[in-house]
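S.K.: Here you go, this is target30.cif (mmCIF, C-alpha atoms).
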```cif
data_work
#
loop_
_atom_site.label_atom_id
_atom_site.label_comp_id
_atom_site.auth_asym_id
_atom_site.auth_seq_id
_atom_site.Cartn_x
_atom_site.Cartn_y
_atom_site.Cartn_z
CA MET E 1 48.43 29.50 49.31
CA LYS E 2 51.23 31.90 50.20
CA LYS E 3 48.81 34.80 49.95
CA CYS E 4 46.41 33.09 52.38
CA ALA E 5 49.25 32.35 54.81
CA LYS E 6 50.32 35.99 54.61
CA TRP E 7 46.83 37.20 55.58
CA ILE E 8 46.57 34.63 58.36
CA TYR E 9 49.76 35.98 59.92
CA LEU E 10 48.82 39.62 59.30
CA LEU E 11 45.48 39.18 61.03
CA GLY E 12 46.70 36.73 63.66
CA TYR E 13 49.95 38.36 64.81
CA PRO E 14 48.33 40.01 67.87
CA SER E 15 47.26 36.58 69.17
CA ILE E 16 50.67 35.14 68.34
CA LEU E 17 52.39 37.93 70.25
CA MET E 18 50.09 37.47 73.25
CA GLN E 19 50.97 33.77 73.43
CA MET E 20 54.66 34.64 73.20
CA LEU E 21 54.18 37.27 75.87
CA TYR E 22 52.88 34.69 78.34
CA THR E 23 55.99 32.55 77.82
CA VAL E 24 58.35 35.53 78.14
CA TYR E 25 57.00 36.73 81.45
CA ILE E 26 56.75 33.25 82.96
CA ILE E 27 60.42 32.68 82.09
CA ALA E 28 61.36 36.06 83.56
CA LEU E 29 59.53 35.42 86.84
CA ASN E 30 60.94 31.89 87.09
CA MET E 31 64.47 33.21 86.62
CA ILE E 32 63.94 35.67 89.48
CA LEU E 33 62.40 33.04 91.77
CA ALA E 34 65.08 30.48 90.96
CA GLY E 35 67.48 32.75 92.84
CA PHE E 36 65.54 31.96 96.02
CA SER E 37 64.57 28.28 95.83
CA ASP E 38 62.99 25.55 93.72
CA ALA E 39 59.98 25.68 96.04
CA ALA E 40 59.36 29.32 95.08
CA VAL E 41 59.36 28.37 91.39
CA THR E 42 56.94 25.54 92.19
CA VAL E 43 54.59 27.96 93.96
CA LEU E 44 54.48 30.20 90.89
CA GLY E 45 53.74 27.20 88.67
CA LEU E 46 50.95 26.06 90.98
CA TYR E 47 49.49 29.55 91.01
CA TYR E 48 49.26 29.58 87.23
CA LYS E 49 47.58 26.19 87.26
CA MET E 50 44.99 27.43 89.75
CA GLN E 51 44.35 30.86 88.28
CA THR E 52 43.42 29.26 84.97
CA PHE E 53 40.12 28.10 86.48
CA PHE E 54 39.17 31.73 87.12
CA PHE E 55 40.83 33.63 84.29
CA ILE E 56 39.80 31.44 81.35
CA PRO E 57 36.07 32.21 81.88
CA LEU E 58 37.00 35.89 82.23
CA LEU E 59 38.94 35.84 78.96
CA GLY E 60 36.14 33.84 77.34
CA LEU E 61 33.63 36.51 78.32
CA GLN E 62 35.94 39.19 76.98
CA THR E 63 36.18 37.35 73.65
CA CYS E 64 32.39 36.93 73.46
CA ILE E 65 31.50 40.56 74.12
CA VAL E 66 33.90 41.99 71.51
CA PRO E 67 31.72 41.14 68.48
CA VAL E 68 28.56 42.22 70.34
CA LEU E 69 30.16 45.54 71.27
CA SER E 70 31.51 45.98 67.74
CA TYR E 71 28.09 45.43 66.18
CA ASN E 72 26.35 47.87 68.53
CA TYR E 73 29.13 50.43 68.30
CA ALA E 74 28.94 50.38 64.50
CA ALA E 75 25.16 50.82 64.79
CA LYS E 76 25.77 53.80 67.12
CA LYS E 77 23.91 52.05 69.96
CA TYR E 78 26.17 53.58 72.57
CA LYS E 79 23.89 53.11 75.55
CA ARG E 80 23.63 49.44 74.69
CA CYS E 81 27.44 49.26 74.55
CA GLN E 82 27.60 50.81 77.99
CA THR E 83 25.03 48.32 79.33
CA ILE E 84 26.98 45.39 77.88
CA LEU E 85 30.21 46.60 79.48
CA ASN E 86 28.60 47.31 82.85
CA GLU E 87 26.91 43.91 83.04
CA SER E 88 30.05 42.13 81.87
CA VAL E 89 32.16 43.83 84.54
CA LEU E 90 29.57 43.02 87.22
CA PHE E 91 29.39 39.36 86.20
CA SER E 92 33.19 39.14 86.07
CA MET E 93 33.53 40.73 89.52
CA LEU E 94 31.10 38.22 91.02
CA PHE E 95 32.97 35.32 89.41
CA MET E 96 36.36 36.60 90.52
CA LEU E 97 35.08 36.95 94.08
CA ILE E 98 34.98 33.15 94.09
CA GLY E 99 38.67 33.18 93.17
CA VAL E 100 39.44 35.65 95.94
CA PHE E 101 37.54 33.45 98.41
CA CYS E 102 39.49 30.34 97.37
CA PHE E 103 42.90 32.00 97.44
CA GLU E 104 42.32 33.87 100.70
CA LEU E 105 40.59 31.14 102.72
CA LEU E 106 41.71 27.87 101.11
CA PRO E 107 45.34 28.33 99.99
CA GLY E 108 46.52 25.18 101.77
CA THR E 109 43.78 23.11 100.16
CA LEU E 110 44.65 24.44 96.70
CA LEU E 111 48.35 23.74 97.17
CA GLY E 112 47.61 20.31 98.60
CA LEU E 113 46.01 19.25 95.32
CA PHE E 114 49.45 19.25 93.69
CA SER E 115 52.12 19.18 96.39
CA HIS E 116 52.82 17.98 99.93
CA ASP E 117 56.22 19.66 100.24
CA PRO E 118 56.39 21.68 103.51
CA ALA E 119 58.61 24.28 101.79
CA VAL E 120 55.98 24.80 99.10
CA PHE E 121 53.31 25.26 101.78
CA SER E 122 55.39 27.73 103.82
CA ILE E 123 56.01 29.89 100.74
CA GLY E 124 52.75 29.21 98.92
CA ILE E 125 50.13 29.91 101.60
CA PRO E 126 51.11 33.57 102.21
CA ALA E 127 51.89 33.98 98.48
CA PHE E 128 48.43 32.77 97.42
CA ARG E 129 46.77 35.13 99.91
CA ILE E 130 48.69 38.10 98.53
CA ILE E 131 48.18 37.12 94.89
CA GLY E 132 44.46 36.56 95.52
CA LEU E 133 44.12 40.31 96.06
CA SER E 134 44.91 40.81 92.37
CA PHE E 135 41.82 38.96 91.13
CA LEU E 136 39.32 41.81 91.37
CA PRO E 137 41.60 44.45 89.78
CA ALA E 138 42.21 41.93 86.97
CA VAL E 139 38.60 42.38 85.84
CA VAL E 140 39.37 45.91 84.68
CA SER E 141 43.07 45.44 83.91
CA LEU E 142 43.04 43.17 80.86
CA LEU E 143 45.74 45.28 79.28
CA SER E 144 48.13 42.37 79.06
CA LEU E 145 51.15 44.07 77.53
CA ILE E 146 51.15 46.85 80.12
CA ARG E 147 50.29 44.55 83.03
CA GLN E 148 52.72 41.72 82.35
CA LEU E 149 55.75 43.40 80.81
CA GLY E 150 55.36 47.04 81.81
CA CYS E 151 54.31 46.48 85.42
CA LEU E 152 54.50 42.91 86.70
CA ILE E 153 58.05 41.98 85.72
CA PRO E 154 59.73 45.28 86.79
CA ILE E 155 57.82 45.43 90.10
CA PHE E 156 58.50 41.73 90.74
CA PHE E 157 62.21 42.27 90.09
CA VAL E 158 62.47 45.33 92.35
CA LEU E 159 60.58 43.65 95.21
CA SER E 160 62.76 40.53 94.87
CA LYS E 161 65.67 42.68 96.04
CA ILE E 162 63.82 43.17 99.33
CA GLY E 163 62.86 39.54 99.84
CA LEU E 164 60.90 36.60 98.48
CA SER E 165 57.79 37.31 100.53
CA TYR E 166 57.56 40.79 98.94
CA THR E 167 57.71 39.61 95.33
CA TRP E 168 54.09 38.41 95.38
CA ILE E 169 52.90 41.99 96.02
CA ALA E 170 53.77 42.63 92.36
CA PHE E 171 50.59 40.81 91.29
CA PRO E 172 48.04 43.04 93.06
CA ALA E 173 50.21 46.12 92.49
CA SER E 174 50.35 45.60 88.72
CA GLY E 175 46.64 44.79 88.69
CA ILE E 176 45.79 48.03 90.50
CA ILE E 177 47.99 50.13 88.19
CA THR E 178 46.62 48.67 84.97
CA GLY E 179 43.12 48.57 86.45
CA ALA E 180 43.33 52.33 87.01
CA ILE E 181 44.44 52.76 83.40
CA GLY E 182 41.58 50.52 82.22
CA ILE E 183 38.99 52.47 84.23
CA SER E 184 40.28 55.81 82.92
CA LEU E 185 40.03 54.51 79.33
CA TYR E 186 36.53 53.20 80.04
CA LEU E 187 35.36 56.52 81.53
CA ARG E 188 36.80 58.41 78.57
CA GLN E 189 34.88 56.12 76.22
CA ILE E 190 31.67 56.60 78.25
CA ARG E 191 32.05 60.38 77.91
CA GLN E 192 32.44 59.97 74.15
CA TRP E 193 29.34 57.77 73.98
CA ALA E 194 27.39 60.28 76.05
CA GLY E 195 27.80 62.73 73.20
CA GLY E 196 26.55 60.16 70.67
CA VAL E 197 23.09 59.02 69.66
CA ASP E 198 21.47 55.76 70.74
#
```
Take the structure in the file and give it back as structure tokens.
M.R.:
Amino acid sequence: MKKCAKWIYLLGYPSILMQMLYTVYIIALNMILAGFSDAAVTVLGLYYKMQTFFFIPLLGLQTCIVPVLSYNYAAKKYKRCQTILNESVLFSMLFMLIGVFCFELLPGTLLGLFSHDPAVFSIGIPAFRIIGLSFLPAVVSLLSLIRQLGCLIPIFFVLSKIGLSYTWIAFPASGIITGAIGISLYLRQIRQWAGGVD
């Protein structure tokens, strides 16, 4: 039994760390926002409720393509791997465009599902429109450790010194930075596959 538990933790620690990571960065952002107002903290909480509708399918797709990619990569079917990645990114982009549409054009409606506080609306409407810009870069920036701890929290903290309305820029900024890293890794992998055999 102890041996089984050991292997469960050895194989599952990346998932455990990712769950812990989510808690750590939510706490960090809440601590920063608490210095402004309770309404700002509420806006962040409402954002994470809303973004779940768009990011869970994205993460689900990511989980589903990993075994398919692994199988084809092991079989040296590199062109098929490239096709899977290209189609997955395209599908994800189309889905996230719905999220961008909702956050850019319907922020008041989204906020109104959970709150009727005027302070939440005054902070949340511009915040949602800024954060909505991060949805498309998120498709190619699923490098959670870099995005959340390495980029989002430091950028959020620095921008909070300028003002509350600037803090939300940290979301698209961190998405663009990690998206650029993700694209560079993808292009490097494509070049490696180009030298392989299908």
S.K.: Determine, for each residue of region 66-158 of chain E having at least one atom at most 9 Å from an atom of region 44-48 of chain E, the closest pair of atoms and their separation in Å to one decimal, counting only C-alpha atoms; order by chain and ascending number, as CSV.
M.R.:
```
residue,atom,partner,partner_atom,distance
E:Leu110,CA,E:Leu46,CA,8.7
E:Leu111,CA,E:Leu46,CA,7.1
E:Phe114,CA,E:Leu46,CA,7.5
E:Ser115,CA,E:Leu46,CA,8.8
E:Gly124,CA,E:Leu44,CA,8.3
E:Ala127,CA,E:Leu44,CA,8.9
E:Phe128,CA,E:Tyr47,CA,7.3
E:Ile131,CA,E:Tyr47,CA,8.6
```
S.K.: Can you list what the PyMOL selection byres ((chain E and resi 120) around 8) grabs from this structure, as a PyMOL selection string?
M.R.: chain E and resi 39-40+42-43+111+115-119+121-124
S.K.: Would you work out the distance separating CA of Leu59 (chain E) from CA of Pro154 (chain E), expressed in Å to one decimal?
M.R.: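 Rounded to one decimal, the two atoms are 24.1 Å apart.
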S.K.: My list of candidates is E:Leu33, E:Trp7, E:Ile16, E:Arg191. Which is closest to Gly163 (chain E) when distances are computed with all atoms listed in the file?
M.R.: E:Leu33
S.K.: Write out as a list in words each polymer residue whose atoms come within 8 Å of region 137-141 of chain E, counting only C-alpha atoms; drop sequence neighbours fewer than 2 positions from it.
M.R.: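 My reading of the contact set: Leu58, Val89, Ser92, Met93, Met96, Leu133, Ser134, Phe135, Leu143, Ser144, Arg147, Pro172, Gly175, Ile176, Thr178, Gly179, Ala180, Ile181, Gly182 and Ile183 of chain E.
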S.K.: Those same residues, written as a PDB file, keeping the file's coordinate frame with C-alpha atoms?
M.R.:
```pdb
ATOM      1  CA  LEU E  58      37.000  35.890  82.230  1.00  0.00           C
ATOM      2  CA  VAL E  89      32.160  43.830  84.540  1.00  0.00           C
ATOM      3  CA  SER E  92      33.190  39.140  86.070  1.00  0.00           C
ATOM      4  CA  MET E  93      33.530  40.730  89.520  1.00  0.00           C
ATOM      5  CA  MET E  96      36.360  36.600  90.520  1.00  0.00           C
ATOM      6  CA  LEU E 133      44.120  40.310  96.060  1.00  0.00           C
ATOM      7  CA  SER E 134      44.910  40.810  92.370  1.00  0.00           C
ATOM      8  CA  PHE E 135      41.820  38.960  91.130  1.00  0.00           C
ATOM      9  CA  LEU E 143      45.740  45.280  79.280  1.00  0.00           C
ATOM     10  CA  SER E 144      48.130  42.370  79.060  1.00  0.00           C
ATOM     11  CA  ARG E 147      50.290  44.550  83.030  1.00  0.00           C
ATOM     12  CA  PRO E 172      48.040  43.040  93.060  1.00  0.00           C
ATOM     13  CA  GLY E 175      46.640  44.790  88.690  1.00  0.00           C
ATOM     14  CA  ILE E 176      45.790  48.030  90.500  1.00  0.00           C
ATOM     15  CA  THR E 178      46.620  48.670  84.970  1.00  0.00           C
ATOM     16  CA  GLY E 179      43.120  48.570  86.450  1.00  0.00           C
ATOM     17  CA  ALA E 180      43.330  52.330  87.010  1.00  0.00           C
ATOM     18  CA  ILE E 181      44.440  52.760  83.400  1.00  0.00           C
ATOM     19  CA  GLY E 182      41.580  50.520  82.220  1.00  0.00           C
ATOM     20  CA  ILE E 183      38.990  52.470  84.230  1.00  0.00           C
TER      21      ILE E 183
END
```
S.K.: In Å to one decimal, how far is CA of Val100 (chain E) from CA of Pro57 (chain E)?
M.R.: 14.9 Å
S.K.: Mind giving me the straight-line distance from CA of Ile56 (chain E) to CA of Gly99 (chain E) in Å, one decimal?
M.R.: 12.0 Å
S.K.: Determine the nearest neighbour of Phe103 (chain E) from the options E:Cys4, E:Ile130, E:Ile155, E:Leu136, counting all atoms listed in the file.
M.R.: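 The shortest atom-to-atom distance to Phe103 (chain E) comes from E:Ile130.
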S.K.: Apply the PyMOL selection byres ((chain E and resi 83-85) around 12) to the structure shown and report the selected residues as JSON, numbers by chain.
M.R.: {"E": [61, 62, 64, 65, 66, 67, 68, 69, 70, 71, 72, 73, 77, 78, 79, 80, 81, 82, 86, 87, 88, 89, 90, 91, 92, 139, 140, 183, 186, 187, 189, 190, 193, 198]}
S.K.: With the PyMOL selection byres ((chain E and resi 157) around 12) as the selection, what would be picked from this file? Answer as a PyMOL selection string, please.
M.R.: chain E and resi 25+28-33+35+149-156+158-164+166-171
S.K.: Using only C-alpha atoms for the distances, tell me which of E:Leu113, E:Cys102, E:Leu21, E:Ile8 is nearest to Gln51 (chain E).
M.R.: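 Ranking E:Leu113, E:Cys102, E:Leu21, E:Ile8 by distance to Gln51 (chain E), first place goes to E:Cys102.
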